[in-house]
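**Q** Please find final-v5.csv (CSV, C-alpha atoms and all ligand atoms) on the next line:
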chain,number,residue,atom,x,y,z
X,280,MET,CA,0.0,0.0,0.0
X,281,ALA,CA,1.4,3.5,-0.9
X,282,SER,CA,2.5,5.6,2.0
X,283,PHE,CA,0.6,8.9,2.9
X,284,SER,CA,3.5,11.0,1.7
X,285,ALA,CA,3.6,9.2,-1.6
X,286,GLN,CA,-0.1,9.9,-2.1
X,287,ILE,CA,0.2,13.7,-1.8
X,288,PRO,CA,2.0,14.3,-5.2
X,289,ILE,CA,-0.6,11.9,-6.9
X,290,CYS,CA,-3.5,13.9,-5.4
X,291,PHE,CA,-1.8,17.2,-6.5
X,292,ALA,CA,-1.3,15.9,-10.1
X,293,LEU,CA,-4.9,14.7,-10.2
X,294,MET,CA,-6.2,18.1,-9.0
X,295,MET,CA,-4.1,19.9,-11.6
X,296,ALA,CA,-5.5,17.6,-14.4
X,297,ILE,CA,-9.0,18.3,-13.3
X,298,CYS,CA,-8.3,22.1,-13.2
X,299,LEU,CA,-6.9,22.0,-16.7
X,300,LEU,CA,-9.9,20.1,-18.0
X,301,ILE,CA,-12.6,22.3,-16.6
X,302,GLY,CA,-10.6,25.6,-16.6
X,303,VAL,CA,-9.7,27.6,-13.6
X,304,ASN,CA,-12.1,30.5,-12.5
X,305,GLY,CA,-14.6,29.4,-15.1
X,306,SER,CA,-12.3,30.2,-18.0
X,307,ILE,CA,-12.8,28.3,-21.2
X,308,GLU,CA,-10.3,26.9,-23.6
X,309,GLY,CA,-8.1,29.7,-24.9
X,310,GLY,CA,-7.9,31.5,-21.6
X,311,GLN,CA,-11.0,33.6,-22.0
X,312,ARG,CA,-13.5,33.5,-19.2
X,313,GLU,CA,-17.0,32.2,-19.7
X,314,PHE,CA,-19.4,34.6,-21.3
X,315,ASP,CA,-22.4,36.3,-19.4
X,316,TYR,CA,-25.2,36.4,-21.9
X,317,PHE,CA,-26.1,36.0,-25.6
X,318,ALA,CA,-27.0,38.6,-28.2
X,319,LEU,CA,-28.8,37.6,-31.3
X,320,SER,CA,-27.8,40.2,-33.9
X,321,LEU,CA,-30.1,40.8,-36.8
X,322,GLN,CA,-29.3,42.8,-39.9
X,323,TRP,CA,-31.7,44.9,-42.0
X,324,PRO,CA,-30.9,44.1,-45.7
X,325,GLY,CA,-32.7,47.3,-46.9
X,326,THR,CA,-30.0,49.4,-45.2
X,327,ILE,CA,-27.0,47.1,-45.9
X,328,CYS,CA,-27.8,46.4,-49.5
X,329,ARG,CA,-27.9,50.2,-50.3
X,330,HIS,CA,-24.1,50.1,-49.9
X,331,THR,CA,-23.5,47.3,-52.4
X,332,ARG,CA,-21.0,48.4,-54.9
X,333,HIS,CA,-20.4,45.1,-56.7
X,334,CYS,CA,-22.1,41.7,-56.8
X,335,CYS,CA,-21.0,38.2,-56.4
X,336,SER,CA,-22.8,34.9,-56.0
X,337,SER,CA,-22.4,34.8,-52.2
X,338,ASN,CA,-23.9,38.2,-51.7
X,339,ALA,CA,-27.7,37.9,-50.9
X,340,CYS,CA,-28.2,41.5,-51.8
X,341,CYS,CA,-27.6,40.5,-55.4
X,342,ARG,CA,-30.4,37.9,-55.6
X,343,GLY,CA,-32.9,40.3,-57.3
X,344,SER,CA,-36.4,39.4,-56.4
X,345,ASN,CA,-35.1,36.6,-54.1
X,346,SER,CA,-33.1,39.0,-52.0
X,347,PRO,CA,-34.1,39.1,-48.3
X,348,THR,CA,-36.7,41.6,-47.3
X,349,GLU,CA,-36.8,40.7,-43.6
X,350,PHE,CA,-34.3,40.9,-40.9
X,351,THR,CA,-31.6,38.2,-41.4
X,352,ILE,CA,-29.2,36.8,-38.8
X,353,HIS,CA,-25.8,38.4,-38.3
X,354,GLY,CA,-24.8,36.2,-35.5
X,355,LEU,CA,-25.4,34.7,-32.1
X,356,TRP,CA,-22.8,36.4,-29.9
X,357,PRO,CA,-21.7,35.4,-26.4
X,358,ASP,CA,-21.1,38.7,-24.6
X,359,TYR,CA,-19.8,40.0,-21.3
X,360,ASN,CA,-21.8,42.4,-19.1
X,361,ASP,CA,-19.0,45.0,-19.3
X,362,GLY,CA,-19.7,45.5,-23.0
X,363,THR,CA,-16.8,43.4,-24.3
X,364,TRP,CA,-16.9,39.9,-25.7
X,365,PRO,CA,-14.7,36.8,-26.0
X,366,ALA,CA,-13.7,35.7,-29.5
X,367,CYS,CA,-11.9,32.8,-31.2
X,368,CYS,CA,-11.9,30.7,-28.0
X,369,ALA,CA,-10.8,27.4,-29.5
X,370,ARG,CA,-9.0,26.1,-32.5
X,371,THR,CA,-11.7,24.4,-34.4
X,372,GLN,CA,-12.1,23.9,-38.1
X,373,PHE,CA,-15.5,24.8,-39.6
X,374,ASP,CA,-16.9,21.6,-41.2
X,375,VAL,CA,-19.7,22.3,-43.6
X,376,LYS,CA,-20.7,18.6,-43.6
X,377,GLU,CA,-21.9,18.9,-40.0
X,378,ILE,CA,-24.6,21.4,-41.0
X,379,SER,CA,-25.5,20.1,-44.4
X,380,THR,CA,-29.1,19.6,-43.4
X,381,LEU,CA,-29.3,23.3,-42.3
X,382,LEU,CA,-27.7,24.9,-45.4
X,383,ASP,CA,-30.9,25.8,-47.2
X,384,ALA,CA,-32.2,27.6,-44.1
X,385,LEU,CA,-28.9,29.3,-43.5
X,386,GLU,CA,-28.7,30.5,-47.1
X,387,LYS,CA,-32.1,32.1,-46.6
X,388,TYR,CA,-32.1,33.4,-43.1
X,389,TRP,CA,-28.3,33.8,-42.4
X,390,PRO,CA,-26.8,34.9,-45.7
X,391,SER,CA,-23.9,37.0,-46.3
X,392,LEU,CA,-24.9,40.6,-47.4
X,393,TYR,CA,-21.4,41.4,-48.6
X,394,CYS,CA,-18.9,40.2,-51.2
X,395,GLY,CA,-15.7,40.6,-49.2
X,396,LYS,CA,-14.7,37.6,-47.2
X,397,SER,CA,-14.2,38.1,-43.5
X,398,SER,CA,-11.2,36.9,-41.7
X,399,THR,CA,-11.8,33.8,-39.7
X,400,CYS,CA,-9.9,33.2,-36.5
X,401,PHE,CA,-7.4,30.6,-37.6
X,402,SER,CA,-8.0,29.5,-41.2
X,403,GLY,CA,-7.6,32.7,-43.3
X,404,LYS,CA,-10.5,34.1,-45.3
X,405,GLY,CA,-13.7,32.2,-45.1
X,406,LEU,CA,-15.6,31.1,-48.2
X,407,PHE,CA,-18.9,30.5,-46.3
X,408,TRP,CA,-18.0,33.7,-44.4
X,409,ALA,CA,-21.1,34.0,-42.3
X,410,HIS,CA,-20.8,30.4,-41.0
X,411,GLU,CA,-17.1,30.1,-40.7
X,412,VAL,CA,-16.8,33.4,-38.8
X,413,ALA,CA,-19.9,32.6,-36.7
X,414,ILE,CA,-18.6,29.2,-35.5
X,415,GLU,CA,-14.9,30.0,-35.2
X,416,LYS,CA,-15.3,33.5,-33.6
X,417,HIS,CA,-18.5,33.2,-31.6
X,418,GLY,CA,-19.5,29.6,-31.5
X,419,THR,CA,-16.3,28.4,-29.9
X,420,CYS,CA,-16.9,30.9,-27.1
X,421,SER,CA,-20.5,29.8,-26.4
X,422,SER,CA,-19.3,26.9,-24.3
X,423,PRO,CA,-20.5,25.4,-22.0
X,424,VAL,CA,-24.1,26.3,-23.2
X,425,ILE,CA,-23.5,25.3,-26.8
X,426,ARG,CA,-20.8,22.8,-27.4
X,427,ASP,CA,-20.8,21.9,-31.1
X,428,GLU,CA,-21.2,23.3,-34.6
X,429,TYR,CA,-24.6,21.8,-35.3
X,430,SER,CA,-26.0,22.9,-31.9
X,431,TYR,CA,-24.8,26.4,-32.5
X,432,PHE,CA,-26.5,26.9,-35.8
X,433,ILE,CA,-29.8,25.1,-34.9
X,434,THR,CA,-30.1,27.0,-31.7
X,435,THR,CA,-29.6,30.3,-33.5
X,436,LEU,CA,-32.1,29.5,-36.1
X,437,ASN,CA,-34.7,28.4,-33.5
X,438,VAL,CA,-34.3,31.6,-31.5
X,439,TYR,CA,-34.5,33.6,-34.7
X,440,PHE,CA,-37.8,31.9,-35.6
X,441,LYS,CA,-39.2,32.3,-32.1
X,442,TYR,CA,-38.9,36.1,-32.1
X,443,ASN,CA,-39.8,37.4,-35.5
X,444,VAL,CA,-38.7,41.0,-35.3
X,445,THR,CA,-39.8,41.9,-38.8
X,446,LYS,CA,-43.3,40.7,-38.0
X,447,ILE,CA,-43.3,42.5,-34.6
X,448,LEU,CA,-42.4,45.8,-36.3
X,449,ASN,CA,-44.8,45.4,-39.3
X,450,GLU,CA,-47.7,44.7,-36.9
X,451,ALA,CA,-46.9,47.9,-35.0
X,452,GLY,CA,-47.0,49.8,-38.2
X,453,TYR,CA,-43.2,50.1,-38.8
X,454,VAL,CA,-43.1,48.9,-42.4
X,455,PRO,CA,-40.2,49.3,-44.9
X,456,SER,CA,-40.3,52.7,-46.6
X,457,ASN,CA,-37.9,54.9,-48.4
X,458,SER,CA,-39.7,58.1,-47.4
X,459,GLU,CA,-41.0,57.6,-43.8
X,460,ARG,CA,-39.2,58.3,-40.6
X,461,TYR,CA,-40.2,56.5,-37.4
X,462,PRO,CA,-39.6,57.4,-33.8
X,463,LEU,CA,-36.8,55.2,-32.4
X,464,GLY,CA,-38.6,55.0,-29.1
X,465,GLY,CA,-41.7,53.5,-30.9
X,466,ILE,CA,-39.6,50.8,-32.5
X,467,VAL,CA,-37.9,49.9,-29.2
X,468,SER,CA,-41.3,49.9,-27.4
X,469,ALA,CA,-42.9,47.6,-30.1
X,470,ILE,CA,-40.1,45.1,-29.5
X,471,GLU,CA,-40.3,45.5,-25.7
X,472,ASN,CA,-44.0,44.8,-25.7
X,473,SER,CA,-43.6,41.5,-27.5
X,474,PHE,CA,-40.1,40.4,-26.4
X,475,ARG,CA,-40.4,41.7,-22.8
X,476,ALA,CA,-36.9,43.0,-22.8
X,477,THR,CA,-35.1,46.0,-24.3
X,478,PRO,CA,-33.2,45.5,-27.6
X,479,GLU,CA,-30.2,47.3,-28.9
X,480,VAL,CA,-30.7,49.2,-32.2
X,481,VAL,CA,-27.7,50.1,-34.4
X,482,CYS,CA,-28.0,52.6,-37.2
X,483,SER,CA,-26.1,53.6,-40.2
X,484,LYS,CA,-26.7,57.4,-40.3
X,485,GLU,CA,-30.5,57.5,-39.8
X,486,ALA,CA,-31.2,54.0,-41.1
X,487,VAL,CA,-31.7,51.0,-38.9
X,488,GLU,CA,-28.9,48.6,-39.7
X,489,GLU,CA,-29.2,46.0,-36.9
X,490,ILE,CA,-31.5,45.1,-34.1
X,491,ARG,CA,-30.0,42.9,-31.3
X,492,LEU,CA,-32.0,40.8,-28.9
X,493,CYS,CA,-30.4,39.7,-25.7
X,494,PHE,CA,-30.8,36.5,-23.7
X,495,TYR,CA,-29.7,34.9,-20.5
X,496,LYS,CA,-27.8,31.6,-20.9
X,497,ASP,CA,-31.1,29.7,-20.8
X,498,PHE,CA,-32.4,31.8,-23.6
X,499,LYS,CA,-34.9,33.7,-21.5
X,500,PRO,CA,-35.1,37.3,-22.8
X,501,ARG,CA,-33.1,40.0,-20.9
X,502,ASN,CA,-32.3,43.6,-21.6
X,503,CYS,CA,-29.3,44.4,-23.8
X,504,LEU,CA,-26.7,46.7,-22.3
X,505,ALA,CA,-27.9,50.3,-22.0
X,506,SER,CA,-25.2,51.6,-24.3
X,507,LYS,CA,-25.2,54.8,-26.3
X,508,THR,CA,-27.3,54.2,-29.3
X,509,SER,CA,-25.9,55.0,-32.7
X,510,CYS,CA,-29.4,56.1,-33.8
X,511,PRO,CA,-31.0,59.5,-34.0
X,512,LYS,CA,-34.5,60.1,-32.5
X,513,TYR,CA,-36.2,59.4,-35.8
X,514,VAL,CA,-35.0,56.5,-38.0
X,515,SER,CA,-35.8,54.9,-41.3
X,516,LEU,CA,-36.4,51.3,-42.2
X,517,PRO,CA,-35.3,51.4,-45.9
X,518,ALA,CA,-37.2,49.2,-48.4
X,519,TYR,CA,-34.9,46.8,-50.3
X,520,VAL,CA,-34.0,48.2,-53.8
X,521,SER,CA,-33.2,45.5,-56.3
X,522,MET,CA,-29.6,45.5,-57.5
X,523,GLY,CA,-27.6,43.2,-59.7
X,524,GLY,CA,-30.3,40.5,-60.0
X,525,GLU,CA,-31.5,39.1,-63.3
X,526,GLU,CA,-34.4,41.6,-63.6
X,527,SER,CA,-32.4,44.5,-62.3
X,528,GLU,CA,-31.4,47.3,-64.7
X,529,SER,CA,-28.6,48.6,-62.4
X,530,ASP,CA,-25.1,48.6,-63.8
X,531,ILE,CA,-23.5,47.0,-60.7
X,532,ALA,CA,-20.6,44.8,-61.8
X,533,TRP,CA,-20.5,41.1,-61.0
X,534,ILE,CA,-17.3,39.7,-59.7
X,535,SER,CA,-16.4,36.1,-58.8
X,536,ASP,CA,-16.3,35.1,-55.2
X,537,ASP,CA,-12.5,34.7,-55.5
X,538,GLU,CA,-12.1,38.2,-56.7
X,539,ALA,CA,-14.1,39.5,-53.7
X,540,LEU,CA,-11.7,41.4,-51.4
X,601,LIG,O1,-20.0,45.7,-34.1
X,601,LIG,C1,-18.9,45.5,-34.9
X,601,LIG,C2,-18.5,44.0,-34.9
X,601,LIG,O2,-18.1,43.6,-33.6
X,601,LIG,C3,-18.4,42.3,-33.3
X,601,LIG,N1,-19.3,42.3,-32.1
X,601,LIG,C4,-20.0,43.4,-31.7
X,601,LIG,C5,-20.8,43.4,-30.6
X,601,LIG,C6,-20.8,42.2,-29.8
X,601,LIG,O3,-21.5,42.1,-28.8
X,601,LIG,N2,-20.1,41.1,-30.2
X,601,LIG,C7,-19.3,41.1,-31.3
X,601,LIG,O4,-18.7,40.1,-31.7
X,601,LIG,C8,-19.1,41.8,-34.5
X,601,LIG,O5,-18.1,41.2,-35.4
X,601,LIG,P1,-18.4,40.0,-36.4
X,601,LIG,O6,-19.0,38.8,-35.8
X,601,LIG,O7,-19.3,40.6,-37.5
X,601,LIG,O8,-17.0,39.7,-37.0
X,601,LIG,C9,-19.7,43.0,-35.2
X,601,LIG,O9,-19.9,42.9,-36.5
Show the structure stored in the file as structure tokens.
Ligand code: U2P

**A**
Amino acid sequence: MASFSAQIPICFALMMAICLLIGVNGSIEGGQREFDYFALSLQWPGTICRHTRHCCSSNACCRGSNSPTEFTIHGLWPDYNDGTWPACCARTQFDVKEISTLLDALEKYWPSLYCGKSSTCFSGKGLFWAHEVAIEKHGTCSSPVIRDEYSYFITTLNVYFKYNVTKILNEAGYVPSNSERYPLGGIVSAIENSFRATPEVVCSKEAVEEIRLCFYKDFKPRNCLASKTSCPKYVSLPAYVSMGGEESESDIAWISDDEAL
């Protein structure tokens, strides 16, 4: 039988191994501490597509009559209560095969609205930018609530379907328009009445560009951080103007996805 003094180093080694596995102080792989809450960030194509300068097949702004006219998903972000967020928490390779059954839905509800490819964390520029960036930058930091690629995307889609911000705003009279201005407070209240928590609204000049809904880790709604809004008191919700699609008469040039910067 091992003596008591011989057992001490064994116990210490065991404790160290356990600490390394679960992370000290709640930190996750990569040294970043566990996040505090989720933000579901939604983009408004009517605003973003106005800035399209050239088209490529991966840019949903260029789908003509099939371009999105509702809020689409930008990302599900794990965030900290101090306004910062963790990113690129683990070295994982995006594997499109894991989400093959979700690709149609992702193309429709979580498309890229740009041609330029975004930098992923570890594997250079992403072809399926939205999905590679999402999982590498944000998905890997969603642990321990979300632990794998499929769960990250299906969870995000489910939350997106549960709270239909486009419908909430339309029913409150906030419809896409290239001439109307709406009170920002009215838009926020319409969402609060339905979602029961305060969203964050992001603007590009006077136009609504993003609306973010925030959630506790169990996906119950919570207020987003009361940060300075980038929006004026009266905002617009621009209607999508077709560009680059088959029926479009615009002279926006098409470039291949490889040419996209
Ligand atoms: O807002 C600009 C970009 O910063 C990242 N962001 C912002 C807020 C937040 O809570 N979490 C977060 O990650 C986003 O970067 P992306 O995912 O687009 O690379 C956001 O676009």

**Q** When distances are computed from only C-alpha atoms and all ligand atoms, which of X:Asn449, X:Gln322, X:Ser337, X:Ser456 shows the smallest separation from ligand LIG 601 (chain X)?

**A**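 Between X:Asn449, X:Gln322, X:Ser337, X:Ser456, the residue approaching ligand LIG 601 (chain X) most closely is X:Gln322.
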
**Q** Looking at X:Cys510, X:Cys328, X:Val481, X:Val438, which one is nearest to ligand LIG 601 (chain X), with distances taken over only C-alpha atoms and all ligand atoms?

**A**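 Among the listed residues, X:Val481 lies closest to ligand LIG 601 (chain X).
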
**Q** With all atoms listed in the file as the basis for distance, which of X:Tyr461, X:Tyr429, X:Trp323, X:Phe373 is at the shortest distance from Ser391 of chain X?

**A** X:Trp323

**Q** In Å to one decimal, how far is atom CA of Cys341 of chain X from atom CA of Val467 of chain X?

**A** 29.7 Å

**Q** Of the candidates X:Ser398, X:Asn338, X:Thr380, X:Thr419, which one gets nearest to Phe314 of chain X if we count all atoms listed in the file?

**A**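 The closest residue to Phe314 of chain X is X:Thr419.
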
**Q** Could you state the separation of atom CA of Trp356 of chain X and atom CA of Arg501 of chain X in Å, given to one decimal place?

**A**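 Separating atom CA of Trp356 of chain X from atom CA of Arg501 of chain X is a distance of 14.1 Å.
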
**Q** Go through X:Ala451, X:Ile531, X:Leu381, X:Val480 one by one, measure the shortest atom-to-atom distance of each to Ser430 of chain X using only C-alpha atoms, and give the residue with the smallest value.

**A**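 Looking at the shortest contact to Ser430 of chain X, the residue is X:Leu381.
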